[in-house]
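Asks: Here's a structure for you.
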Amino acid sequence: MSMSKKMVDAINEQIKNEFYSAYMYLAMSAYLADLGLPGFAGWMRIQAKEEVTHANKMYDYVLTRGGKIELKTIDAPPAAWKNPLDVMQAGLAHEQFVTKCINEMSDLAVKEKDHATQIFLAWYVTEQVEEEENFTDLVNALKLIKGEGQGLLMLDRELGARVFVDETQAAE
Ligand code: OFO
């Protein structure tokens with residue numbers, strides 16, 4: 001059974017959102033590198049890379065289901081924030097927006113009785129819990145250290161240890 005046009009449109013829209021996420025995290029990475037925080041910058045660079053895998057997983061799914069890929073215009077992200085805490089708060093707000101989008105897509109898949117897409121989207125529902133948790137932890141850590149001093153340098157070192165894992169592949 002092929003996907004409804006509505007469902008394909010929603011996934012195409014979300015492919016754009018995932019690429020926008022990558023774009024925004026890349027901008028945040030550049031801003032953090034500029035502040036002299038290579039660990040933060042590296043962490044965010046990996047975050048951007050992850051978002052591309054999220055987009056590609058949807059892209060592959062649409063093609064597998066015989067849907068038509070329609071790539072949309074990606075807006076330019078902001079280039080500056082107030083400080084690292086502001087960055088992480090903006091990241092958290094963005095992930096909350098993505099969660100809302102994924103939930104709405106899941107609602108649509110239920111409405112359309114598209115069981116395969118419901119199962120496909122479940123991966124993203126779970127992933128969003130992790131995404132929001134990561135940003136929440138960083139917001140809390142930055143608040144605790146008041147975003148400065150030795151605490152900031154230690155957190156930078158910790159974040160620099162993050163390695164890229166393509167979770168979309170690991171799940172299959
Ligand atoms: Fe940031 O998560 Fe994609 O979906």
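Residues in the structure tokens are named by chain (A, B, ... in the order shown) and by number from 1 within that chain; ligands are numbered from 1 in the order shown.
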What residues of the protein or nucleic acid chains come within 6 Å of ligand 1 when you use only C-alpha atoms and all ligand atoms? Reply as a list in words.
Replies: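 Every residue with an atom at most 6 Å from ligand 1 is listed here: Glu18, Glu51, His54, Glu95, Tyr124, Gln128 and Glu131 of chain A.
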Asks: Take the residues from that selection and put them in a file with N, CA and C atoms, as an mmCIF file, in the first residue's frame.
Replies:
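Result saved to result-v4.cif:
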data_model
loop_
_atom_site.group_PDB
_atom_site.id
_atom_site.type_symbol
_atom_site.label_atom_id
_atom_site.label_comp_id
_atom_site.auth_asym_id
_atom_site.auth_seq_id
_atom_site.Cartn_x
_atom_site.Cartn_y
_atom_site.Cartn_z
ATOM 1 N N GLU A 18 14.754 18.691 9.584
ATOM 2 C CA GLU A 18 15.959 17.999 10.067
ATOM 3 C C GLU A 18 17.219 18.654 9.476
ATOM 4 N N GLU A 51 21.818 15.157 12.735
ATOM 5 C CA GLU A 51 20.575 15.622 12.107
ATOM 6 C C GLU A 51 20.516 15.245 10.627
ATOM 7 N N HIS A 54 19.279 11.870 10.432
ATOM 8 C CA HIS A 54 17.819 11.828 10.668
ATOM 9 C C HIS A 54 17.064 12.159 9.381
ATOM 10 N N GLU A 95 14.494 21.542 19.776
ATOM 11 C CA GLU A 95 14.178 20.114 19.884
ATOM 12 C C GLU A 95 12.731 19.913 20.337
ATOM 13 N N TYR A 124 11.846 7.971 15.873
ATOM 14 C CA TYR A 124 12.039 9.406 16.099
ATOM 15 C C TYR A 124 11.421 9.859 17.423
ATOM 16 N N GLN A 128 13.694 11.650 20.163
ATOM 17 C CA GLN A 128 13.413 12.998 20.681
ATOM 18 C C GLN A 128 13.525 13.071 22.202
ATOM 19 N N GLU A 131 17.132 13.541 22.682
ATOM 20 C CA GLU A 131 17.558 14.864 22.206
ATOM 21 C C GLU A 131 17.196 15.951 23.223
#
Asks: Find the spatial neighbours of A:Tyr31, counting only C-alpha atoms, within a cut-off of 10 Å - ignore same-chain residues fewer than 2 positions away - and output them as an MDAnalysis selection string.
Replies: chainID A and resid 25:29 33:37 40:41 78:81 83:84 87
Asks: Calculate how many Å separate atom CA of A:Met105 from atom CA of A:Gln14, rounding to one decimal.
Replies: 8.8 Å
Asks: Between A:Thr99, A:Gln47, A:Asn56, A:Thr117, which residue has the minimum interatomic distance to A:Leu71, considering only C-alpha atoms?
Replies: A:Asn56
Asks: For a quick check of understanding, using only C-alpha atoms, which of A:Glu70, A:Glu132, A:Glu13, A:Asp114 has the smallest distance to A:Phe97?
Replies: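 The shortest atom-to-atom distance to A:Phe97 comes from A:Glu132.
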Asks: Residues at most 7 Å from stretch 63-67 of chain A, counting only C-alpha atoms, excluding those fewer than 6 positions away in the same chain, as a tab-separated table (two decimals) with all heavy atoms, in the first residue's frame?
Replies:
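Result file around.tsv:
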chain	number	residue	atom	x	y	z
A	2	SER	N	0.61	2.16	-0.91
A	2	SER	CA	1.46	3.35	-0.95
A	2	SER	C	0.98	4.39	0.08
A	2	SER	O	-0.15	4.34	0.55
A	2	SER	CB	1.46	3.96	-2.35
A	2	SER	OG	0.15	4.30	-2.72
A	3	MET	N	1.86	5.31	0.36
A	3	MET	CA	1.54	6.34	1.36
A	3	MET	C	0.62	7.40	0.76
A	3	MET	O	0.67	7.66	-0.44
A	3	MET	CB	2.84	7.04	1.79
A	3	MET	CG	3.55	6.34	2.90
A	3	MET	SD	4.83	7.40	3.61
A	3	MET	CE	5.98	7.45	2.28
A	8	VAL	N	3.23	11.84	2.72
A	8	VAL	CA	4.49	12.12	2.01
A	8	VAL	C	4.85	13.60	2.18
A	8	VAL	O	6.02	13.94	2.47
A	8	VAL	CB	4.39	11.75	0.51
A	8	VAL	CG1	5.66	12.16	-0.23
A	8	VAL	CG2	4.14	10.27	0.34
Asks: Of the residues A:Cys101, A:Val125, A:Ile11, A:Leu92, which is the one nearest to A:Met58, using only C-alpha atoms?
Replies: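 Ranking A:Cys101, A:Val125, A:Ile11, A:Leu92 by distance to A:Met58, first place goes to A:Ile11.
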Asks: Of the candidates A:Glu127, A:Glu133, A:Glu104, A:Asp75, which one gets nearest to A:Gln89 if we count only C-alpha atoms?
Replies: A:Glu133
Asks: I'd like to know which residues of chain A are helix (DSSP H, G or I) (by DSSP, run on the backbone); could you write them as a ChimeraX atom specification?
Replies: /A:5-34,38-64,84-111,115-144,149-159,167-170
Asks: Between A:Leu32, A:Ala10, A:Ile46, A:Leu85, which one has atoms that come closest to A:Leu121, using only C-alpha atoms?
Replies: A:Ala10
Asks: Taking into account only C-alpha atoms, which residue in the set A:Val139, A:Ala122, A:Ala161, A:Val62 is nearest to A:Asn103?
Replies: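 Nearest candidate to A:Asn103 out of A:Val139, A:Ala122, A:Ala161, A:Val62: A:Ala122.
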